[in-house]
Each structure stands twice: as C-alpha cells, then as structure tokens.
Amino acid sequence: MRYENNSISIKYWAEDDRPREKLILKGKTALSDAELVAILIGSGSKNESAVNLAKRILASIDNNLNSLGKLTVEDLQKFKGIGEAKAISIITALELGRRRRLEAALELPKISSSKAVFDIMQPIIGELKHEEFWVIYLNNSNKVLYKEQLSKGGLTGTLVDVRLVFKKALDLYATAIILCHNHPSGKLQPSNADKSITQKLKQAGETLDIKVLDHLIVTENAYFSFADENIL
C-alpha cells in the first residue's frame, strides 16, 4: 500500500488508503502503527499525508511506541504538520493505553511466576527516570494482598527500611513478599547494594516466618529475577 497522494485530509484519499475506513472494514489489528497514529493526526499537509507524517515521527524514535509515549507536546510540535492539538491527541491516546495496561496488571490476583510480577510492576516503574523500591505482599496462596512503594530515590539508588517492610507484612498477615525496584539506566545486572538489601530482608523474614520469594529488577522491556537466577 502506497501513500503518495498529497491530499490534506484523510477523507479525500482513495478508499483503500483511508486508515479509518480500513479499521472499519478490516478491524483495528489490520492497521500498522503509522496508520493508527495517522488517525490521531487526522490530516497531513499540502506536501505530506498524515500516514507519511506518522511514519516520519515513528522513524525518529526507532518505531518504538514506548518511546513515542514519552514525547512531550513540545517534542511532537518539532515535526512540521504537528500543532498543539494534534500533539495532545497523540499523547492522550498513548496515556490511555498505558493506563489500560496498568489496570490489567491490577486485575492479576495471583503470582505464579517472575513474569507475572513483571507484568504487574512494569507499567508502574518500568519507564520511570528515577529509582523506586516496591514491595508486593502475598497471602499463603500467593495472591496479592497489597503492593506499596517503600522508597523513591534518584538514579543512584533508594533507601530501604527493613522495619517498615515487615511492619506492613505483619499488619496484612502476609506470609510472603516480593521485592521490586527499577533501574532507569536499563541495566539488569544487580549491584552489590541490591544483593545486600535482598539478603538483609531475607534474613529478617526468616525470623518472622515471612518468605522473601523473589527480588525483581525491572526496566522498560525486561527484568532480572533473583529467584530465577538462584541467587536469592
């Protein structure tokens, strides 16, 4: 499919070239990322179709939708043909998608694998530019009772209060916990500090008969599991 016409509005394109009509006739999954973004843009310019404009925007961030979701109104307005209203439409649509993923994660009632933990925590901390340390509290069926941000820090790390971790666990009658924090750098390798706090919490948990089942390091697209790597 080619988009070589110079029409300003999608409604004037040939029927096969209209993303809106294509969505209606063939379903949303038939559209490319560029076509979906083109629908948000609505119209291009005299010299460029909305689809080509969308392709140009996506190419600038290596066709990565997560990266697109991080662009600001000012970033998007740097592209000729994108004004404030169009930039807001794109940002709004991607934010709704992020919140949908977050709600889906909140509906997951039981932890059965490290991947299940990643699916819960990635929408919350995976794309942050600062580090946060979270604890997931579980009952004896590994169902999530509660999850809590324990600390928030800069790019260099966070402070973790062992007493606060287990006070909450006792309040909830939790029988197990899972530790999670993100690495804004994207590096998955645990630091010596990561290993140290994991062992400190594990030892404290043993005294209270509360298991530390895992510690996940979360990045935008991947994770590291202490349990999976047998270093817990």
# chains A, B, ... in the order shown; residues from 1 in each chain; ligands from 1
>>> residues_around(residues="Gly83 of chain A", least_positions_apart="2", cutoff="12 Å", atoms="only C-alpha atoms", output="list in words")
Ile41, Gly42, Ser43, Gly44, Ser45, Val73, Glu74, Asp75, Leu76, Gln77, Lys78, Phe79, Lys80, Gly81, Ala85, Lys86, Ala87, Ile88, Ser89 and Ile90 of chain A
>>> write_last_selection(atoms="N, CA and C atoms", output="mmCIF file, in the first residue's frame")
data_model
loop_
_atom_site.group_PDB
_atom_site.id
_atom_site.type_symbol
_atom_site.label_atom_id
_atom_site.label_comp_id
_atom_site.auth_asym_id
_atom_site.auth_seq_id
_atom_site.Cartn_x
_atom_site.Cartn_y
_atom_site.Cartn_z
ATOM 1 N N ILE A 41 -3.650 11.906 14.085
ATOM 2 C CA ILE A 41 -3.223 13.171 13.483
ATOM 3 C C ILE A 41 -4.363 13.797 12.685
ATOM 4 N N GLY A 42 -5.103 12.947 11.956
ATOM 5 C CA GLY A 42 -6.273 13.424 11.224
ATOM 6 C C GLY A 42 -5.980 13.932 9.832
ATOM 7 N N SER A 43 -5.006 14.807 9.692
ATOM 8 C CA SER A 43 -4.670 15.343 8.385
ATOM 9 C C SER A 43 -3.195 15.690 8.331
ATOM 10 N N GLY A 44 -2.667 15.628 7.119
ATOM 11 C CA GLY A 44 -1.271 15.988 6.930
ATOM 12 C C GLY A 44 -1.153 17.419 6.443
ATOM 13 N N SER A 45 -0.211 17.633 5.549
ATOM 14 C CA SER A 45 -0.020 18.960 4.973
ATOM 15 C C SER A 45 -0.168 18.867 3.461
ATOM 16 N N VAL A 73 4.505 17.445 24.448
ATOM 17 C CA VAL A 73 3.843 18.278 23.441
ATOM 18 C C VAL A 73 4.891 19.061 22.653
ATOM 19 N N GLU A 74 5.884 19.572 23.353
ATOM 20 C CA GLU A 74 6.934 20.352 22.694
ATOM 21 C C GLU A 74 7.747 19.483 21.748
ATOM 22 N N ASP A 75 8.034 18.250 22.137
ATOM 23 C CA ASP A 75 8.780 17.330 21.272
ATOM 24 C C ASP A 75 8.032 17.075 19.968
ATOM 25 N N LEU A 76 6.738 16.806 20.083
ATOM 26 C CA LEU A 76 5.940 16.480 18.902
ATOM 27 C C LEU A 76 5.751 17.682 17.983
ATOM 28 N N GLN A 77 5.685 18.863 18.562
ATOM 29 C CA GLN A 77 5.483 20.062 17.754
ATOM 30 C C GLN A 77 6.710 20.440 16.925
ATOM 31 N N LYS A 78 7.817 19.752 17.163
ATOM 32 C CA LYS A 78 9.011 19.982 16.354
ATOM 33 C C LYS A 78 8.850 19.405 14.952
ATOM 34 N N PHE A 79 7.856 18.507 14.782
ATOM 35 C CA PHE A 79 7.601 17.930 13.471
ATOM 36 C C PHE A 79 6.644 18.834 12.694
ATOM 37 N N LYS A 80 7.048 19.221 11.505
ATOM 38 C CA LYS A 80 6.196 20.069 10.682
ATOM 39 C C LYS A 80 4.885 19.348 10.405
ATOM 40 N N GLY A 81 3.780 20.010 10.691
ATOM 41 C CA GLY A 81 2.470 19.397 10.498
ATOM 42 C C GLY A 81 1.812 18.989 11.800
ATOM 43 N N ALA A 85 -2.783 20.823 19.213
ATOM 44 C CA ALA A 85 -3.955 19.941 19.322
ATOM 45 C C ALA A 85 -3.627 18.519 18.901
ATOM 46 N N LYS A 86 -2.886 18.362 17.812
ATOM 47 C CA LYS A 86 -2.522 17.026 17.336
ATOM 48 C C LYS A 86 -1.559 16.349 18.307
ATOM 49 N N ALA A 87 -0.628 17.114 18.851
ATOM 50 C CA ALA A 87 0.313 16.558 19.825
ATOM 51 C C ALA A 87 -0.431 16.057 21.065
ATOM 52 N N ILE A 88 -1.400 16.827 21.519
ATOM 53 C CA ILE A 88 -2.185 16.435 22.694
ATOM 54 C C ILE A 88 -2.982 15.168 22.401
ATOM 55 N N SER A 89 -3.530 15.048 21.189
ATOM 56 C CA SER A 89 -4.290 13.848 20.818
ATOM 57 C C SER A 89 -3.420 12.598 20.876
ATOM 58 N N ILE A 90 -2.198 12.693 20.364
ATOM 59 C CA ILE A 90 -1.277 11.551 20.372
ATOM 60 C C ILE A 90 -0.906 11.171 21.798
#
>>> residues_around(residues="segment 114-120 of chain A", least_positions_apart="2", cutoff="8 Å", atoms="only C-alpha atoms", output="ChimeraX atom specification")
/A:102,105-106,108,111-112,122-124,214,216,218,223,225,228
>>> closest_atom_pairs(of="segment 45-136 of chain A", to="segment 157-175 of chain A", cutoff="8 Å", atoms="only C-alpha atoms", output="CSV")
residue,atom,partner,partner_atom,distance
A:Glu131,CA,A:Gly157,CA,6.0
A:Glu132,CA,A:Thr158,CA,6.6
A:Phe133,CA,A:Thr158,CA,6.8
A:Val135,CA,A:Val165,CA,7.4
>>> select_by_dssp(residues="segment 43-194 of chain A", states="helix (DSSP H, G or I)", output="count of residues only")
68
>>> select_by_dssp(residues="segment 15-156 of chain A", states="strand (DSSP E or B)", output="list of chain:residue names")
A:Ser43, A:Ser45, A:Glu48, A:Lys110, A:Glu132, A:Phe133, A:Trp134, A:Val135, A:Ile136, A:Tyr137, A:Leu138, A:Lys143, A:Val144, A:Leu145, A:Tyr146, A:Lys147, A:Glu148, A:Gln149, A:Leu150, A:Ser151, A:Lys152, A:Gly154
>>> write_last_selection(atoms="C-alpha atoms", output="short mmCIF file (atom, residue, chain, number, x, y, z; two decimals), in the first residue's frame")
data_model
loop_
_atom_site.label_atom_id
_atom_site.label_comp_id
_atom_site.auth_asym_id
_atom_site.auth_seq_id
_atom_site.Cartn_x
_atom_site.Cartn_y
_atom_site.Cartn_z
CA SER A 43 -4.67 15.34 8.38
CA SER A 45 -0.02 18.96 4.97
CA GLU A 48 2.77 15.15 3.10
CA LYS A 110 -2.16 -14.46 41.91
CA GLU A 132 11.72 3.33 43.20
CA PHE A 133 11.62 0.34 45.55
CA TRP A 134 8.32 -1.54 45.91
CA VAL A 135 7.12 -4.50 47.95
CA ILE A 136 4.33 -6.88 46.94
CA TYR A 137 2.65 -8.60 49.90
CA LEU A 138 1.14 -12.07 49.39
CA LYS A 143 -2.45 -13.90 45.97
CA VAL A 144 -1.61 -10.21 46.08
CA LEU A 145 -2.80 -8.56 49.27
CA TYR A 146 -1.20 -5.21 48.70
CA LYS A 147 1.68 -3.51 46.94
CA GLU A 148 3.46 -0.46 48.23
CA GLN A 149 6.15 1.97 47.22
CA LEU A 150 8.67 1.83 50.04
CA SER A 151 11.11 4.43 48.82
CA LYS A 152 11.83 6.78 45.98
CA GLY A 154 17.43 9.33 42.27
#
>>> atom_distance(atom1="atom CA of Pro190 of chain A", atom2="atom CA of Asn142 of chain A")
24.6 Å
